[in-house]
file start17.tsv (TSV, C-alpha atoms)
chain	number	residue	atom	x	y	z
A	1	MET	CA	35.38	62.90	-96.31
A	2	GLY	CA	38.28	60.86	-95.36
A	3	ILE	CA	38.40	62.28	-91.91
A	4	GLU	CA	34.74	61.82	-91.35
A	5	ARG	CA	34.99	58.23	-92.28
A	6	ILE	CA	37.96	57.68	-90.07
A	7	THR	CA	36.21	59.50	-87.27
A	8	SER	CA	33.05	57.53	-87.90
A	9	SER	CA	35.02	54.32	-88.03
A	10	LEU	CA	36.87	55.21	-84.86
A	11	LEU	CA	33.64	56.15	-83.12
A	12	LYS	CA	32.04	52.94	-84.26
A	13	GLU	CA	35.01	50.93	-83.02
A	14	ALA	CA	35.01	52.89	-79.75
A	15	ASP	CA	31.28	52.26	-79.46
A	16	GLU	CA	31.75	48.56	-80.07
A	17	GLU	CA	34.67	48.48	-77.63
A	18	ALA	CA	32.59	50.36	-75.04
A	19	THR	CA	29.70	47.93	-75.57
A	20	LYS	CA	32.08	45.00	-75.08
A	21	ILE	CA	33.52	46.62	-71.93
A	22	VAL	CA	30.00	47.32	-70.55
A	23	GLN	CA	28.91	43.77	-71.39
A	24	ALA	CA	32.05	42.38	-69.72
A	25	ALA	CA	31.44	44.62	-66.70
A	26	GLU	CA	27.77	43.57	-66.55
A	27	TRP	CA	28.85	39.92	-66.80
A	28	HIS	CA	31.37	40.45	-63.97
A	29	VAL	CA	28.74	42.20	-61.86
A	30	LYS	CA	26.27	39.37	-62.57
A	31	LYS	CA	28.98	36.81	-61.70
A	32	MET	CA	29.85	38.70	-58.50
A	33	LYS	CA	26.15	38.82	-57.53
A	34	GLU	CA	25.81	35.08	-58.16
A	35	ASP	CA	28.97	34.39	-56.12
A	36	GLU	CA	27.66	36.58	-53.30
A	37	ARG	CA	24.26	34.85	-53.43
A	38	SER	CA	26.01	31.50	-53.35
A	39	LYS	CA	28.19	32.61	-50.40
A	40	HIS	CA	25.12	34.05	-48.66
A	41	THR	CA	23.18	30.80	-49.21
A	42	ALA	CA	26.11	28.75	-47.92
A	43	LEU	CA	26.49	31.02	-44.86
A	44	LYS	CA	22.75	30.88	-44.25
A	45	LYS	CA	22.77	27.05	-44.42
A	46	GLU	CA	25.79	26.93	-42.10
A	47	ALA	CA	24.09	29.31	-39.66
A	48	GLU	CA	20.89	27.23	-39.79
A	49	LYS	CA	22.91	24.07	-39.09
A	50	GLU	CA	24.67	25.79	-36.17
A	51	ILE	CA	21.35	27.05	-34.79
A	52	GLU	CA	19.84	23.58	-35.21
A	53	LYS	CA	22.85	22.07	-33.40
A	54	LEU	CA	22.59	24.61	-30.58
A	55	LEU	CA	18.85	24.03	-30.26
A	56	SER	CA	19.39	20.27	-30.20
A	57	GLU	CA	22.09	20.60	-27.54
A	58	GLN	CA	19.88	22.91	-25.50
A	59	LYS	CA	16.95	20.51	-25.85
A	60	ASN	CA	19.13	17.57	-24.78
A	61	GLU	CA	20.49	19.58	-21.85
A	62	ARG	CA	16.99	20.55	-20.73
A	63	MET	CA	15.75	16.98	-21.15
A	64	ALA	CA	18.68	15.68	-19.08
A	65	TRP	CA	17.99	18.31	-16.42
A	66	ALA	CA	14.28	17.41	-16.43
A	67	ARG	CA	15.08	13.69	-16.09
A	68	LEU	CA	17.49	14.45	-13.25
A	69	GLU	CA	14.92	16.68	-11.56
A	70	ALA	CA	12.26	13.97	-11.96
A	71	LYS	CA	14.61	11.43	-10.37
A	72	ARG	CA	15.31	13.83	-7.51
A	73	ILE	CA	11.61	14.44	-6.93
A	74	ASN	CA	10.91	10.71	-7.11
A	75	ALA	CA	13.76	9.97	-4.67
A	76	GLU	CA	12.44	12.61	-2.27
A	77	ALA	CA	8.94	11.16	-2.50
A	78	CYS	CA	10.27	7.66	-1.85
A	79	GLU	CA	12.32	8.98	1.06
A	80	ASP	CA	9.23	10.69	2.49
A	81	VAL	CA	7.21	7.48	2.20
A	82	ILE	CA	9.97	5.47	3.90
A	83	ASN	CA	10.38	8.06	6.67
A	84	ASN	CA	6.62	8.24	7.23
A	85	THR	CA	6.44	4.44	7.42
A	86	ILE	CA	9.34	4.38	9.89
A	87	ASP	CA	7.67	7.11	11.96
A	88	ASP	CA	4.41	5.14	11.96
A	89	PHE	CA	6.29	2.01	12.97
A	90	PHE	CA	8.12	3.90	15.75
A	91	SER	CA	4.80	5.29	16.98
A	92	SER	CA	3.39	1.78	17.09
A	93	LEU	CA	6.16	0.70	19.49
A	94	LYS	CA	3.98	2.06	22.32
A	95	GLU	CA	1.51	-0.71	21.59
A	96	VAL	CA	4.22	-3.39	21.53
A	97	ARG	CA	4.58	-3.16	25.31
A	98	LYS	CA	1.14	-4.73	25.70
A	99	SER	CA	2.10	-7.91	23.85
A	100	LYS	CA	3.32	-11.26	25.21
A	101	GLU	CA	6.32	-11.00	22.87
A	102	TYR	CA	7.39	-7.82	24.65
A	103	LYS	CA	7.26	-9.54	28.06
A	104	ASP	CA	9.33	-12.43	26.66
A	105	PHE	CA	11.77	-9.99	25.03
A	106	LEU	CA	12.23	-8.00	28.24
A	107	SER	CA	12.64	-11.08	30.44
A	108	LYS	CA	15.05	-12.85	28.07
A	109	ASN	CA	17.25	-9.85	27.29
A	110	VAL	CA	17.45	-8.50	30.84
A	111	SER	CA	18.42	-12.01	32.09
A	112	ALA	CA	21.10	-12.29	29.38
A	113	ALA	CA	22.52	-8.83	30.16
A	114	VAL	CA	22.60	-9.51	33.92
A	115	LYS	CA	24.51	-12.77	33.25
A	116	GLU	CA	27.08	-10.85	31.18
A	117	PHE	CA	27.94	-8.68	34.20
A	118	LYS	CA	28.71	-11.87	36.25
A	119	GLY	CA	27.78	-11.07	39.82
A	120	MET	CA	28.35	-7.30	39.75
A	121	LYS	CA	25.97	-4.99	41.60
A	122	LEU	CA	23.56	-3.73	38.98
A	123	ARG	CA	20.70	-1.36	38.49
A	124	VAL	CA	17.98	-2.43	36.05
A	125	ARG	CA	16.11	0.67	34.95
A	126	VAL	CA	12.65	0.17	33.43
A	127	ARG	CA	9.37	2.02	33.01
A	128	LYS	CA	7.11	1.87	36.04
A	129	GLU	CA	4.58	-0.30	34.16
A	130	ASP	CA	7.30	-2.75	33.10
A	131	ARG	CA	8.68	-3.47	36.56
A	132	LYS	CA	6.30	-6.42	37.04
A	133	LEU	CA	7.49	-7.90	33.70
A	134	LEU	CA	11.11	-8.30	34.86
A	135	PRO	CA	12.45	-11.75	35.66
A	136	LYS	CA	13.66	-12.53	39.16
A	137	LEU	CA	16.88	-10.57	39.57
A	138	PRO	CA	19.90	-12.05	41.38
A	139	ASN	CA	21.17	-10.60	44.68
A	140	GLY	CA	22.94	-7.29	44.21
A	141	CYS	CA	20.64	-6.26	41.37
A	142	LYS	CA	17.91	-3.79	41.95
A	143	ALA	CA	15.07	-2.72	39.70
A	144	VAL	CA	14.50	1.01	39.39
A	145	ALA	CA	11.30	2.25	37.76
A	146	ASP	CA	12.58	5.58	36.41
A	147	LEU	CA	13.18	4.87	32.73
A	148	ASP	CA	11.97	7.63	30.42
A	149	ALA	CA	11.65	5.57	27.24
A	150	LEU	CA	8.96	3.80	25.24
A	151	GLY	CA	10.00	0.53	26.80
A	152	GLY	CA	12.84	-1.87	27.29
A	153	ALA	CA	15.50	-1.57	29.97
A	154	VAL	CA	18.89	-0.12	30.79
A	155	ILE	CA	21.17	-2.40	32.80
A	156	GLU	CA	24.09	-0.60	34.42
A	157	THR	CA	26.63	-1.05	37.16
A	158	GLN	CA	25.92	0.78	40.41
A	159	ASP	CA	28.74	3.24	39.63
A	160	GLY	CA	27.28	3.83	36.13
A	161	LYS	CA	30.57	3.07	34.33
A	162	MET	CA	29.19	0.16	32.30
A	163	ARG	CA	25.78	-0.12	30.80
A	164	VAL	CA	23.70	-2.07	28.35
A	165	ASP	CA	20.95	-0.05	26.67
A	166	LEU	CA	18.03	-2.27	25.65
A	167	THR	CA	15.48	0.51	25.27
A	168	LEU	CA	13.09	0.19	22.37
A	169	GLU	CA	14.35	3.49	20.98
A	170	THR	CA	17.98	2.32	20.97
A	171	LEU	CA	17.14	-1.06	19.49
A	172	PHE	CA	15.00	0.67	16.88
A	173	GLU	CA	17.90	3.01	15.96
A	174	LEU	CA	20.29	0.05	15.71
A	175	LYS	CA	17.94	-1.60	13.22
A	176	ARG	CA	16.89	1.60	11.40
A	177	ASP	CA	19.01	0.98	8.27
A	178	GLU	CA	17.92	-2.63	8.05
A	179	LEU	CA	14.31	-1.54	8.54
A	180	ARG	CA	14.67	1.15	5.82
A	181	LYS	CA	15.95	-1.46	3.36
A	182	MET	CA	13.14	-3.82	4.26
A	183	ILE	CA	10.49	-1.09	3.86
A	184	ALA	CA	11.98	0.05	0.55
A	185	GLY	CA	12.00	-3.53	-0.68
A	186	LYS	CA	8.36	-4.03	0.26
A	187	LEU	CA	7.16	-0.68	-1.09
A	188	PHE	CA	9.35	-0.19	-4.16
A	189	GLY	CA	10.80	-3.60	-4.93
A	190	GLY	CA	14.37	-2.53	-4.18
A	191	GLU	CA	16.61	-0.93	-1.62
A	192	LYS	CA	16.52	2.78	-0.87
A	193	LYS	CA	19.29	4.31	1.15

call {"tool": "encode", "arguments": {"input": "start17.tsv", "output": "structure tokens"}}
result
Amino acid sequence: MGIERITSSLLKEADEEATKIVQAAEWHVKKMKEDERSKHTALKKEAEKEIEKLLSEQKNERMAWARLEAKRINAEACEDVINNTIDDFFSSLKEVRKSKEYKDFLSKNVSAAVKEFKGMKLRVRVRKEDRKLLPKLPNGCKAVADLDALGGAVIETQDGKMRVDLTLETLFELKRDELRKMIAGKLFGGEKK
């Protein structure tokens, strides 16, 4: 009986030791699972934050692009309005020739240009219809009705080396930027370039 008791005692101790080892192992497994869950939760939160950050950046980028695109479209629309207004104004220059102001403009500016050439032989080129609107030209100046322009005049020396271009088209082009600014100011309350 002594051996049976010892064997039984040893088996009981081994059983208890095995139970303790299993419990310790189960506790370690449970702890490892909790640690992994905790790591997984932390990684998931970090990934969610990163995704949220990326989405926010992408949203901001798209909003900035949309604002920029809206500004571009608005600028193009404003530019179209200004250009259409300038085109309409340029088209209306044909009607200007019928006004008293045009006759005064032509007479005054041709006289001033002729005086600048101080006695040189000149050619004053005008439209056929405008010939009768010219002031009396000094000797050596001759009016030629061959101008292919909306109106105005070109005063040049007989050899063609010097000239003053007073055509409506040229004067319009010289004032185009000023006119654009004026139109933009009237239409949009500011300058458009």

call {"tool": "residues_around", "arguments": {"input": "start17.tsv", "residues": "stretch 73-86 of chain A", "least_positions_apart": "2", "cutoff": "10 Å", "atoms": "all atoms listed in the file", "output": "VMD selection string"}}
result
chain A and resid 67 to 71 88 to 92 172 176 179 to 184 187 to 188 192 to 193

call {"tool": "write_last_selection", "arguments": {"input": "start17.tsv", "atoms": "C-alpha atoms", "output": "PDB file, keeping the file's coordinate frame"}}
result
ATOM      1  CA  ARG A  67      15.080  13.690 -16.090  1.00  0.00           C
ATOM      2  CA  LEU A  68      17.490  14.450 -13.250  1.00  0.00           C
ATOM      3  CA  GLU A  69      14.920  16.680 -11.560  1.00  0.00           C
ATOM      4  CA  ALA A  70      12.260  13.970 -11.960  1.00  0.00           C
ATOM      5  CA  LYS A  71      14.610  11.430 -10.370  1.00  0.00           C
ATOM      6  CA  ASP A  88       4.410   5.140  11.960  1.00  0.00           C
ATOM      7  CA  PHE A  89       6.290   2.010  12.970  1.00  0.00           C
ATOM      8  CA  PHE A  90       8.120   3.900  15.750  1.00  0.00           C
ATOM      9  CA  SER A  91       4.800   5.290  16.980  1.00  0.00           C
ATOM     10  CA  SER A  92       3.390   1.780  17.090  1.00  0.00           C
ATOM     11  CA  PHE A 172      15.000   0.670  16.880  1.00  0.00           C
ATOM     12  CA  ARG A 176      16.890   1.600  11.400  1.00  0.00           C
ATOM     13  CA  LEU A 179      14.310  -1.540   8.540  1.00  0.00           C
ATOM     14  CA  ARG A 180      14.670   1.150   5.820  1.00  0.00           C
ATOM     15  CA  LYS A 181      15.950  -1.460   3.360  1.00  0.00           C
ATOM     16  CA  MET A 182      13.140  -3.820   4.260  1.00  0.00           C
ATOM     17  CA  ILE A 183      10.490  -1.090   3.860  1.00  0.00           C
ATOM     18  CA  ALA A 184      11.980   0.050   0.550  1.00  0.00           C
ATOM     19  CA  LEU A 187       7.160  -0.680  -1.090  1.00  0.00           C
ATOM     20  CA  PHE A 188       9.350  -0.190  -4.160  1.00  0.00           C
ATOM     21  CA  LYS A 192      16.520   2.780  -0.870  1.00  0.00           C
ATOM     22  CA  LYS A 193      19.290   4.310   1.150  1.00  0.00           C
TER      23      LYS A 193
END

call {"tool": "atom_distance", "arguments": {"input": "start17.tsv", "atom1": "atom CA of A:Leu168", "atom2": "atom CA of A:Leu150"}}
result
6.2 Å

call {"tool": "residues_around", "arguments": {"input": "start17.tsv", "residues": "A:Glu116", "least_positions_apart": "5", "cutoff": "10 Å", "atoms": "only C-alpha atoms", "output": "number ranges by chain"}}
result
A: 110-111, 164

call {"tool": "residues_around", "arguments": {"input": "start17.tsv", "residues": "A:Lys132", "least_positions_apart": "6", "cutoff": "12 Å", "atoms": "all atoms listed in the file", "output": "PyMOL selection string"}}
result
chain A and resi 103+106-107+126+143-145

call {"tool": "closest_residue", "arguments": {"input": "start17.tsv", "among": "A:Lys45, A:Lys39, A:Lys121, A:Lys108", "to": "A:Leu134", "atoms": "all atoms listed in the file"}}
result
A:Lys108

call {"tool": "residues_around", "arguments": {"input": "start17.tsv", "residues": "A:Asp165", "least_positions_apart": "4", "cutoff": "8 Å", "atoms": "all atoms listed in the file", "output": "PyMOL selection string"}}
result
chain A and resi 153-155+170

call {"tool": "atom_distance", "arguments": {"input": "start17.tsv", "atom1": "atom CA of A:Leu166", "atom2": "atom CA of A:Asn109"}}
result
7.8 Å

call {"tool": "decode", "arguments": {"input": "start17.tsv", "residues": "stretch 98-118 of chain A", "atoms": "N, CA and C atoms", "output": "compact mmCIF listing (two decimals), in the first residue's frame"}}
result
# COMPACT_ATOMS: atom_id res chain seq x y z
N LYS A 98 -21.54 109.57 -88.69
CA LYS A 98 -22.69 110.41 -89.02
C LYS A 98 -22.87 111.57 -88.05
N SER A 99 -22.10 111.58 -86.98
CA SER A 99 -22.32 112.59 -85.94
C SER A 99 -21.52 113.87 -86.18
N LYS A 100 -21.95 114.95 -85.56
CA LYS A 100 -21.25 116.24 -85.62
C LYS A 100 -19.90 116.10 -84.92
N GLU A 101 -19.85 115.33 -83.84
CA GLU A 101 -18.60 115.14 -83.11
C GLU A 101 -17.53 114.51 -84.01
N TYR A 102 -17.94 113.61 -84.89
CA TYR A 102 -16.98 112.99 -85.79
C TYR A 102 -16.41 114.03 -86.75
N LYS A 103 -17.27 114.88 -87.29
CA LYS A 103 -16.80 115.94 -88.20
C LYS A 103 -15.81 116.84 -87.47
N ASP A 104 -16.14 117.22 -86.24
CA ASP A 104 -15.23 118.07 -85.44
C ASP A 104 -13.92 117.34 -85.16
N PHE A 105 -14.02 116.06 -84.80
CA PHE A 105 -12.83 115.25 -84.53
C PHE A 105 -11.92 115.20 -85.75
N LEU A 106 -12.50 114.90 -86.90
CA LEU A 106 -11.72 114.76 -88.13
C LEU A 106 -11.06 116.08 -88.49
N SER A 107 -11.82 117.16 -88.47
CA SER A 107 -11.30 118.47 -88.83
C SER A 107 -10.18 118.90 -87.89
N LYS A 108 -10.41 118.77 -86.59
CA LYS A 108 -9.43 119.20 -85.57
C LYS A 108 -8.14 118.38 -85.64
N ASN A 109 -8.27 117.07 -85.72
CA ASN A 109 -7.09 116.21 -85.69
C ASN A 109 -6.30 116.23 -86.99
N VAL A 110 -6.97 116.33 -88.12
CA VAL A 110 -6.25 116.43 -89.39
C VAL A 110 -5.49 117.76 -89.42
N SER A 111 -6.14 118.86 -89.00
CA SER A 111 -5.46 120.17 -88.96
C SER A 111 -4.23 120.11 -88.07
N ALA A 112 -4.36 119.50 -86.89
CA ALA A 112 -3.23 119.40 -85.95
C ALA A 112 -2.09 118.56 -86.54
N ALA A 113 -2.41 117.47 -87.19
CA ALA A 113 -1.39 116.60 -87.78
C ALA A 113 -0.67 117.31 -88.92
N VAL A 114 -1.43 118.03 -89.77
CA VAL A 114 -0.83 118.75 -90.89
C VAL A 114 0.13 119.81 -90.35
N LYS A 115 -0.24 120.50 -89.28
CA LYS A 115 0.63 121.52 -88.67
C LYS A 115 1.92 120.89 -88.15
N GLU A 116 1.86 119.68 -87.65
CA GLU A 116 3.06 119.00 -87.13
C GLU A 116 4.08 118.74 -88.23
N PHE A 117 3.63 118.54 -89.45
CA PHE A 117 4.54 118.27 -90.56
C PHE A 117 5.15 119.55 -91.14
N LYS A 118 4.73 120.71 -90.69
CA LYS A 118 5.28 122.04 -91.02
C LYS A 118 5.68 122.22 -92.48
